[in-house]
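Asker: Below you'll find my_file-v3.cif; it's mmCIF, C-alpha atoms.
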data_final
loop_
_atom_site.label_atom_id
_atom_site.label_comp_id
_atom_site.auth_asym_id
_atom_site.auth_seq_id
_atom_site.Cartn_x
_atom_site.Cartn_y
_atom_site.Cartn_z
CA MET A 1 11.59 4.68 7.98
CA LEU A 2 12.18 5.79 4.35
CA ILE A 3 15.97 5.69 4.16
CA ASN A 4 17.49 2.37 5.21
CA GLU A 5 16.75 -0.73 3.15
CA GLY A 6 16.61 -4.46 3.79
CA ASP A 7 18.63 -5.76 6.72
CA ARG A 8 19.76 -2.25 7.68
CA ARG A 9 16.22 -1.44 8.79
CA THR A 10 15.12 -1.71 12.40
CA PRO A 11 12.04 -3.72 13.38
CA ARG A 12 10.48 -0.51 14.66
CA ALA A 13 10.91 1.16 11.26
CA ASP A 14 9.23 -1.76 9.49
CA LEU A 15 6.38 -1.78 12.00
CA MET A 16 5.71 1.96 11.73
CA LEU A 17 5.84 1.88 7.94
CA ALA A 18 3.52 -1.13 7.77
CA CYS A 19 0.96 0.47 10.07
CA LEU A 20 0.86 3.78 8.21
CA LEU A 21 0.75 2.36 4.70
CA ALA A 22 -1.70 -0.42 5.54
CA LEU A 23 -4.03 2.17 7.08
CA VAL A 24 -3.87 4.24 3.88
CA ALA A 25 -4.44 1.20 1.69
CA GLY A 26 -7.38 -0.01 3.77
CA GLY A 27 -8.99 3.41 3.65
CA VAL A 28 -8.52 3.87 -0.09
CA ASN A 29 -9.77 0.34 -0.76
CA SER A 30 -12.98 0.80 1.26
CA ALA A 31 -13.73 4.31 0.04
CA GLY A 32 -13.01 3.26 -3.54
CA PHE A 33 -15.39 0.33 -3.28
CA MET A 34 -18.13 2.54 -1.88
CA ALA A 35 -17.64 5.06 -4.66
CA PHE A 36 -17.17 2.77 -7.66
CA ARG A 37 -17.81 -0.86 -6.62
CA PHE A 38 -14.25 -1.73 -7.58
CA PHE A 39 -11.41 -2.68 -5.25
CA SER A 40 -8.43 -0.39 -5.72
CA ALA A 41 -6.01 -2.34 -3.52
CA ASN A 42 -7.34 -5.91 -3.53
CA MET A 43 -6.43 -7.36 -6.91
CA THR A 44 -7.63 -10.85 -5.91
CA GLY A 45 -11.22 -9.66 -5.87
CA ASN A 46 -10.84 -7.84 -9.16
CA VAL A 47 -9.33 -10.86 -10.92
CA SER A 48 -12.09 -13.09 -9.53
CA MET A 49 -14.77 -10.71 -10.80
CA ALA A 50 -13.10 -10.45 -14.19
CA SER A 51 -12.96 -14.24 -14.46
CA GLU A 52 -16.67 -14.57 -13.70
CA LEU A 53 -17.64 -11.82 -16.12
CA LEU A 54 -15.47 -13.18 -18.92
CA VAL A 55 -17.62 -16.31 -18.77
CA ALA A 56 -21.03 -14.90 -17.84
CA GLY A 57 -20.74 -11.32 -19.14
CA PRO A 58 -21.00 -8.47 -19.65
CA PHE A 59 -17.61 -8.49 -21.34
CA ASP A 60 -17.07 -4.72 -21.07
CA LEU A 61 -17.33 -4.90 -17.27
CA ALA A 62 -14.80 -7.75 -17.23
CA LEU A 63 -12.48 -5.54 -19.26
CA ALA A 64 -12.94 -2.77 -16.69
CA PHE A 65 -11.84 -5.06 -13.85
CA LEU A 66 -8.84 -6.21 -15.87
CA THR A 67 -7.95 -2.58 -16.58
CA VAL A 68 -7.84 -1.87 -12.85
CA VAL A 69 -5.51 -4.85 -12.33
CA ALA A 70 -3.28 -3.71 -15.20
CA LEU A 71 -2.99 -0.24 -13.68
CA PHE A 72 -2.00 -1.71 -10.31
CA ILE A 73 0.78 -3.60 -12.09
CA LEU A 74 1.76 -0.43 -13.93
CA GLY A 75 2.07 1.35 -10.57
CA ALA A 76 4.50 -1.31 -9.39
CA VAL A 77 6.47 -0.92 -12.63
CA LEU A 78 6.65 2.86 -12.24
CA ALA A 79 7.74 2.64 -8.61
CA THR A 80 10.47 0.14 -9.46
CA LEU A 81 11.75 2.23 -12.35
CA LEU A 82 11.79 5.35 -10.17
CA ILE A 83 13.56 3.59 -7.30
CA ASP A 84 16.16 1.96 -9.53
CA HIS A 85 16.83 5.23 -11.36
CA GLY A 86 17.08 7.15 -8.11
CA LYS A 87 19.47 4.66 -6.57
CA ARG A 88 21.73 4.81 -9.62
CA ARG A 89 21.74 8.59 -9.29
CA GLY A 90 22.33 8.50 -5.55
CA TRP A 91 19.01 10.06 -4.58
CA GLY A 92 18.65 9.45 -0.86
CA ALA A 93 15.00 10.48 -0.86
CA VAL A 94 13.91 8.11 -3.63
CA TYR A 95 11.39 6.27 -1.44
CA ALA A 96 9.97 9.56 -0.22
CA MET A 97 9.61 10.56 -3.88
CA ALA A 98 7.70 7.35 -4.61
CA LEU A 99 5.25 8.03 -1.80
CA LEU A 100 4.86 11.65 -2.90
CA LEU A 101 3.97 10.38 -6.37
CA GLU A 102 1.40 8.08 -4.80
CA ALA A 103 -0.02 10.97 -2.78
CA ALA A 104 -0.28 13.17 -5.89
CA ILE A 105 -2.21 10.47 -7.75
CA LEU A 106 -4.57 9.89 -4.81
CA SER A 107 -5.23 13.62 -4.51
CA ALA A 108 -5.82 14.03 -8.23
CA ALA A 109 -8.21 11.06 -8.31
CA GLY A 110 -10.10 12.40 -5.31
CA LEU A 111 -10.46 15.90 -6.75
CA VAL A 112 -11.55 14.64 -10.16
CA SER A 113 -14.07 12.32 -8.55
CA ALA A 114 -15.40 15.10 -6.31
CA LEU A 115 -16.10 17.23 -9.38
CA GLY A 116 -18.40 14.52 -10.71
CA VAL A 117 -17.30 11.65 -12.89
CA PRO A 118 -19.57 10.23 -15.62
CA PRO A 119 -20.19 6.50 -15.07
CA SER A 120 -18.30 5.72 -18.28
CA HIS A 121 -15.14 7.30 -16.82
CA ALA A 122 -15.38 5.85 -13.31
CA VAL A 123 -13.01 3.01 -14.16
CA LEU A 124 -10.30 5.56 -14.97
CA VAL A 125 -10.59 7.12 -11.53
CA VAL A 126 -10.52 3.80 -9.67
CA GLY A 127 -7.71 2.79 -12.01
CA ALA A 128 -5.75 5.82 -10.81
CA LEU A 129 -6.34 4.68 -7.22
CA SER A 130 -5.05 1.24 -8.13
CA LEU A 131 -2.04 2.82 -9.82
CA ALA A 132 -1.27 4.56 -6.52
CA MET A 133 -1.68 1.32 -4.59
CA GLY A 134 0.69 -0.46 -6.96
CA ILE A 135 3.29 2.24 -6.34
CA GLN A 136 2.85 1.88 -2.59
CA ASN A 137 3.08 -1.89 -2.52
CA ALA A 138 6.18 -1.98 -4.70
CA ALA A 139 7.92 0.75 -2.67
CA SER A 140 7.18 -0.87 0.70
CA SER A 141 8.26 -4.27 -0.62
CA ARG A 142 11.51 -2.93 -2.04
CA ILE A 143 12.57 -0.94 1.00
CA SER A 144 11.80 -3.77 3.46
CA ALA A 145 13.13 -6.71 1.39
CA ASN A 146 9.54 -7.98 1.03
CA ARG A 147 8.82 -7.97 4.76
CA VAL A 148 6.24 -5.19 4.47
CA ARG A 149 3.34 -5.55 2.05
CA THR A 150 0.51 -3.20 2.76
CA THR A 151 -2.23 -3.21 0.11
CA HIS A 152 -3.79 -6.57 0.96
CA VAL A 153 -4.03 -8.90 3.95
CA SER A 154 -3.91 -12.36 2.33
CA GLY A 155 -0.12 -12.53 2.47
CA ALA A 156 0.04 -11.13 6.00
CA ALA A 157 -2.64 -13.58 7.17
CA THR A 158 -0.77 -16.51 5.61
CA ASP A 159 2.53 -15.41 7.15
CA LEU A 160 0.77 -14.97 10.48
CA GLY A 161 -0.39 -18.58 10.42
CA ILE A 162 3.07 -19.82 9.45
CA GLU A 163 4.79 -17.84 12.21
CA LEU A 164 2.23 -19.02 14.79
CA ALA A 165 2.91 -22.64 13.86
CA ARG A 166 6.67 -22.10 14.06
CA LEU A 167 6.36 -20.36 17.42
CA LEU A 168 4.64 -23.46 18.81
CA GLY A 169 7.65 -25.55 17.80
CA PRO A 170 11.07 -25.97 19.44
CA VAL A 171 12.49 -22.47 18.98
CA ARG A 172 14.39 -20.42 21.53
CA GLY A 173 16.48 -17.34 22.05
CA ARG A 174 16.96 -14.95 19.16
CA GLU A 175 14.85 -16.99 16.76
CA ARG A 176 11.88 -16.80 19.12
CA GLU A 177 12.31 -13.04 19.40
CA GLU A 178 12.35 -12.71 15.61
CA LEU A 179 9.22 -14.84 15.32
CA ARG A 180 7.44 -12.70 17.88
CA PHE A 181 8.37 -9.55 15.99
CA ARG A 182 7.11 -10.96 12.70
CA LEU A 183 3.87 -11.98 14.41
CA THR A 184 3.53 -8.43 15.70
CA LEU A 185 4.25 -7.02 12.25
CA HIS A 186 1.61 -9.18 10.56
CA LEU A 187 -1.00 -8.55 13.26
CA PHE A 188 -0.52 -4.81 13.15
CA THR A 189 -0.57 -4.78 9.35
CA ILE A 190 -3.94 -6.56 9.30
CA ALA A 191 -5.33 -4.42 12.11
CA SER A 192 -4.17 -1.20 10.45
CA PHE A 193 -5.71 -2.22 7.12
CA ALA A 194 -9.00 -2.97 8.90
CA PHE A 195 -8.92 0.29 10.84
CA GLY A 196 -8.13 2.21 7.67
CA GLY A 197 -11.08 0.49 6.02
CA MET A 198 -13.39 1.76 8.77
CA LEU A 199 -11.99 5.26 8.42
CA GLY A 200 -12.54 5.01 4.66
CA VAL A 201 -16.20 4.16 5.13
CA LEU A 202 -16.74 6.92 7.67
CA GLY A 203 -14.79 9.40 5.59
CA TYR A 204 -16.69 8.64 2.39
CA HIS A 205 -20.03 9.00 4.18
CA SER A 206 -18.93 12.38 5.53
CA PHE A 207 -16.70 13.87 2.84
CA GLY A 208 -17.27 11.85 -0.30
CA SER A 209 -14.35 11.64 -2.70
CA PHE A 210 -12.34 14.18 -0.72
CA THR A 211 -11.56 11.17 1.48
CA PHE A 212 -8.93 10.13 -1.07
CA VAL A 213 -7.26 13.50 -0.66
CA ALA A 214 -7.32 13.06 3.11
CA PHE A 215 -5.56 9.70 2.86
CA SER A 216 -2.81 11.29 0.79
CA LEU A 217 -1.92 13.71 3.60
CA PRO A 218 -0.05 11.22 5.85
CA LEU A 219 2.06 10.25 2.84
CA VAL A 220 2.87 13.88 2.10
CA GLY A 221 3.78 14.54 5.72
CA LEU A 222 6.02 11.48 6.06
CA SER A 223 7.74 11.95 2.70
CA GLY A 224 8.23 15.66 3.17
CA TRP A 225 9.80 15.16 6.58
CA TYR A 226 12.33 12.64 5.29
CA ALA A 227 13.10 14.65 2.16
CA ARG A 228 13.78 17.71 4.32
CA ARG A 229 16.04 15.70 6.64
CA LEU A 230 18.09 14.43 3.72
CA THR A 231 18.29 17.88 2.15
CA ARG A 232 19.67 19.28 5.40
CA GLY A 233 22.10 16.38 5.67
CA GLN A 234 20.68 15.13 8.96
#
I'd like the structure from this file rewritten - as structure tokens, please.
Answerer:
Amino acid sequence: MLINEGDRRTPRADLMLACLLALVAGGVNSAGFMAFRFFSANMTGNVSMASELLVAGPFDLALAFLTVVALFILGAVLATLLIDHGKRRGWGAVYAMALLLEAAILSAAGLVSALGVPPSHAVLVVGALSLAMGIQNAASSRISANRVRTTHVSGAATDLGIELARLLGPVRGREREELRFRLTLHLFTIASFAFGGMLGVLGYHSFGSFTFVAFSLPLVGLSGWYARRLTRGQ
């Protein structure tokens, strides 16, 4: 799931990765919104809010939304730099390293938030969550040749509609099988994001900001398992 890239990946690997990462993103997005009233994964909402506030004010809040968007982009930049550097060096576990970095940022943001964050510093914490989401989205996009995008559902919903329309047309054989798989991938991505969102709400009600730490654990487990496999040469 974290080794083969592009066309060398199996449909099952893409599906499992999409479900896990979409669940994490949905949970972080919902819990982050409950904690700070910012979206940490959905940049569309943040850009829309920034646009409104740039016109109607207050300007400092618009700047906060734009900061969150900038940190998401920075996360994608960092993930890409790490992946490219690791591939040049022959690091087999480079994608596991990217997800471990994401997990570390999520855990740090959760612990800092749990200790009590002054309102003036809240944007830095949600910005760290967005940084982590940018890392995740870039890593999943790179490893799957853009088939798996996990921090938002707009793209998956659009692709779902396109694939449904194509499936209704004159397709047969292998092409039909590929369309059915892509439909399954998009449906499960959306469902996992929604389920993660519900877990994020329940988790935040029960555990507060420690929920962000909890959502880092699947990433640590998955990345650690693959890193250990590669270290042992399996």
Asker: Can you write out as JSON lines which residues of segment 2-36 of chain A fall within 12 Å of segment 87-98 of chain A, alongside each residue's closest atom pair and its distance in Å to one decimal, counting all atoms listed in the file and ordering rows by chain and ascending residue number?
Answerer:
{"residue": "A:Leu2", "atom": "CA", "partner": "A:Tyr95", "partner_atom": "CA", "distance": 5.9}
{"residue": "A:Ile3", "atom": "CA", "partner": "A:Gly92", "partner_atom": "CA", "distance": 6.8}
{"residue": "A:Asn4", "atom": "CA", "partner": "A:Gly92", "partner_atom": "CA", "distance": 9.4}
{"residue": "A:Glu5", "atom": "CA", "partner": "A:Tyr95", "partner_atom": "CA", "distance": 9.9}
{"residue": "A:Leu17", "atom": "CA", "partner": "A:Tyr95", "partner_atom": "CA", "distance": 11.7}
Asker: Identify the residues around (-4.2, 14.7, -4.3) within a radius of 9 Å, measuring from all atoms listed in the file in the coordinates stated by the file, and give them as a list in words.
Answerer: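 Checking each residue against the 9 Å limit leaves Glu102, Ala103, Ala104, Ile105, Leu106, Ser107, Ala108, Ala109, Gly110, Leu111, Phe210, Phe212, Val213, Ala214, Phe215, Ser216 and Leu217 of chain A.
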Asker: Select from segment 14-106 of chain A every residue with an atom at most 12 Å from any atom of segment 172-190 of chain A, then for each give the shortest pair of atoms and their distance in Å to one decimal, using only C-alpha atoms, rows by chain and rising number, as JSON lines.
Answerer:
{"residue": "A:Asp14", "atom": "CA", "partner": "A:Leu185", "partner_atom": "CA", "distance": 7.8}
{"residue": "A:Leu15", "atom": "CA", "partner": "A:Leu185", "partner_atom": "CA", "distance": 5.7}
{"residue": "A:Met16", "atom": "CA", "partner": "A:Leu185", "partner_atom": "CA", "distance": 9.1}
{"residue": "A:Leu17", "atom": "CA", "partner": "A:Thr189", "partner_atom": "CA", "distance": 9.4}
{"residue": "A:Ala18", "atom": "CA", "partner": "A:Thr189", "partner_atom": "CA", "distance": 5.7}
{"residue": "A:Cys19", "atom": "CA", "partner": "A:Thr189", "partner_atom": "CA", "distance": 5.5}
{"residue": "A:Leu20", "atom": "CA", "partner": "A:Thr189", "partner_atom": "CA", "distance": 8.8}
{"residue": "A:Leu21", "atom": "CA", "partner": "A:Thr189", "partner_atom": "CA", "distance": 8.6}
{"residue": "A:Ala22", "atom": "CA", "partner": "A:Thr189", "partner_atom": "CA", "distance": 5.9}
{"residue": "A:Leu23", "atom": "CA", "partner": "A:Thr189", "partner_atom": "CA", "distance": 8.1}
{"residue": "A:Val24", "atom": "CA", "partner": "A:Thr189", "partner_atom": "CA", "distance": 11.1}
{"residue": "A:Ala25", "atom": "CA", "partner": "A:Thr189", "partner_atom": "CA", "distance": 10.5}
{"residue": "A:Gly26", "atom": "CA", "partner": "A:Ile190", "partner_atom": "CA", "distance": 9.2}
Asker: Those residues with C-alpha atoms, as a PDB file, in the coordinates of the input please?
Answerer:
ATOM      1  CA  ASP A  14       9.230  -1.760   9.490  1.00  0.00           C
ATOM      2  CA  LEU A  15       6.380  -1.780  12.000  1.00  0.00           C
ATOM      3  CA  MET A  16       5.710   1.960  11.730  1.00  0.00           C
ATOM      4  CA  LEU A  17       5.840   1.880   7.940  1.00  0.00           C
ATOM      5  CA  ALA A  18       3.520  -1.130   7.770  1.00  0.00           C
ATOM      6  CA  CYS A  19       0.960   0.470  10.070  1.00  0.00           C
ATOM      7  CA  LEU A  20       0.860   3.780   8.210  1.00  0.00           C
ATOM      8  CA  LEU A  21       0.750   2.360   4.700  1.00  0.00           C
ATOM      9  CA  ALA A  22      -1.700  -0.420   5.540  1.00  0.00           C
ATOM     10  CA  LEU A  23      -4.030   2.170   7.080  1.00  0.00           C
ATOM     11  CA  VAL A  24      -3.870   4.240   3.880  1.00  0.00           C
ATOM     12  CA  ALA A  25      -4.440   1.200   1.690  1.00  0.00           C
ATOM     13  CA  GLY A  26      -7.380  -0.010   3.770  1.00  0.00           C
TER      14      GLY A  26
END
Asker: Out of A:Gly6, A:Gly155, A:Gly32, A:Gly134, which residue has the shortest atom-to-atom distance to Leu101 of chain A when counting only C-alpha atoms?
Answerer: A:Gly134
Asker: Report the residues retrieved by the PyMOL selection byres ((chain A and resi 139) around 9) from the displayed file, expressed as a list of chain:residue names.
Answerer: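 Residues picked by the PyMOL selection byres ((chain A and resi 139) around 9): A:Ala76, A:Ala79, A:Thr80, A:Ile83, A:Tyr95, A:Ala98, A:Leu99, A:Gly134, A:Ile135, A:Gln136, A:Asn137, A:Ala138, A:Ser140, A:Ser141, A:Arg142, A:Ile143, A:Ser144.
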Asker: For a test of reading the model, state the distance in Å between atom CA of Phe207 of chain A and atom CA of Ser130 of chain A, rounded to one decimal.
Answerer: 20.4 Å
Asker: Kindly give the distance, in Å, that separates atom CA of Gly196 of chain A and atom CA of Pro118 of chain A, rounded to a single decimal.
Answerer: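 Taking atom CA of Gly196 of chain A as the start and atom CA of Pro118 of chain A as the end point, the length is 27.2 Å.
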Asker: When you write segment 23-38 of chain A out from the block above, keep N, CA, C and O atoms and present the result as a tab-separated table (two decimals), in the first residue's frame, please.
Answerer:
chain	number	residue	atom	x	y	z
A	23	LEU	N	-10.68	8.50	5.93
A	23	LEU	CA	-11.23	8.46	7.29
A	23	LEU	C	-10.48	9.41	8.20
A	23	LEU	O	-11.08	10.16	8.98
A	24	VAL	N	-9.16	9.40	8.12
A	24	VAL	CA	-8.34	10.31	8.94
A	24	VAL	C	-8.66	11.76	8.59
A	24	VAL	O	-8.86	12.60	9.48
A	25	ALA	N	-8.71	12.07	7.31
A	25	ALA	CA	-8.97	13.45	6.89
A	25	ALA	C	-10.35	13.92	7.33
A	25	ALA	O	-10.51	15.05	7.80
A	26	GLY	N	-11.36	13.06	7.18
A	26	GLY	CA	-12.70	13.43	7.62
A	26	GLY	C	-12.77	13.69	9.11
A	26	GLY	O	-13.41	14.64	9.56
A	27	GLY	N	-12.08	12.86	9.87
A	27	GLY	CA	-12.07	13.04	11.32
A	27	GLY	C	-11.36	14.31	11.75
A	27	GLY	O	-11.85	15.07	12.59
A	28	VAL	N	-10.20	14.56	11.16
A	28	VAL	CA	-9.43	15.77	11.50
A	28	VAL	C	-10.21	17.01	11.08
A	28	VAL	O	-10.25	18.01	11.81
A	29	ASN	N	-10.85	16.96	9.92
A	29	ASN	CA	-11.60	18.11	9.43
A	29	ASN	C	-12.76	18.45	10.36
A	29	ASN	O	-12.97	19.62	10.71
A	30	SER	N	-13.53	17.43	10.78
A	30	SER	CA	-14.68	17.68	11.66
A	30	SER	C	-14.25	18.12	13.05
A	30	SER	O	-14.79	19.07	13.60
A	31	ALA	N	-13.28	17.42	13.61
A	31	ALA	CA	-12.81	17.79	14.95
A	31	ALA	C	-12.18	19.18	14.93
A	31	ALA	O	-12.36	19.98	15.88
A	32	GLY	N	-11.44	19.49	13.87
A	32	GLY	CA	-10.83	20.81	13.77
A	32	GLY	C	-11.86	21.91	13.66
A	32	GLY	O	-11.70	23.00	14.24
A	33	PHE	N	-12.95	21.65	12.93
A	33	PHE	CA	-13.99	22.66	12.82
A	33	PHE	C	-14.69	22.87	14.15
A	33	PHE	O	-15.02	24.00	14.53
A	34	MET	N	-14.93	21.78	14.88
A	34	MET	CA	-15.56	21.92	16.19
A	34	MET	C	-14.67	22.69	17.16
A	34	MET	O	-15.17	23.47	17.98
A	35	ALA	N	-13.38	22.50	17.06
A	35	ALA	CA	-12.46	23.14	17.99
A	35	ALA	C	-12.20	24.59	17.64
A	35	ALA	O	-12.13	25.46	18.53
A	36	PHE	N	-12.07	24.90	16.35
A	36	PHE	CA	-11.57	26.21	15.95
A	36	PHE	C	-12.43	26.94	14.94
A	36	PHE	O	-12.14	28.09	14.60
A	37	ARG	N	-13.48	26.30	14.41
A	37	ARG	CA	-14.33	26.89	13.38
A	37	ARG	C	-13.56	27.20	12.10
A	37	ARG	O	-13.89	28.14	11.37
A	38	PHE	N	-12.55	26.42	11.85
A	38	PHE	CA	-11.82	26.44	10.59
A	38	PHE	C	-11.83	25.02	10.04
A	38	PHE	O	-11.79	24.06	10.80
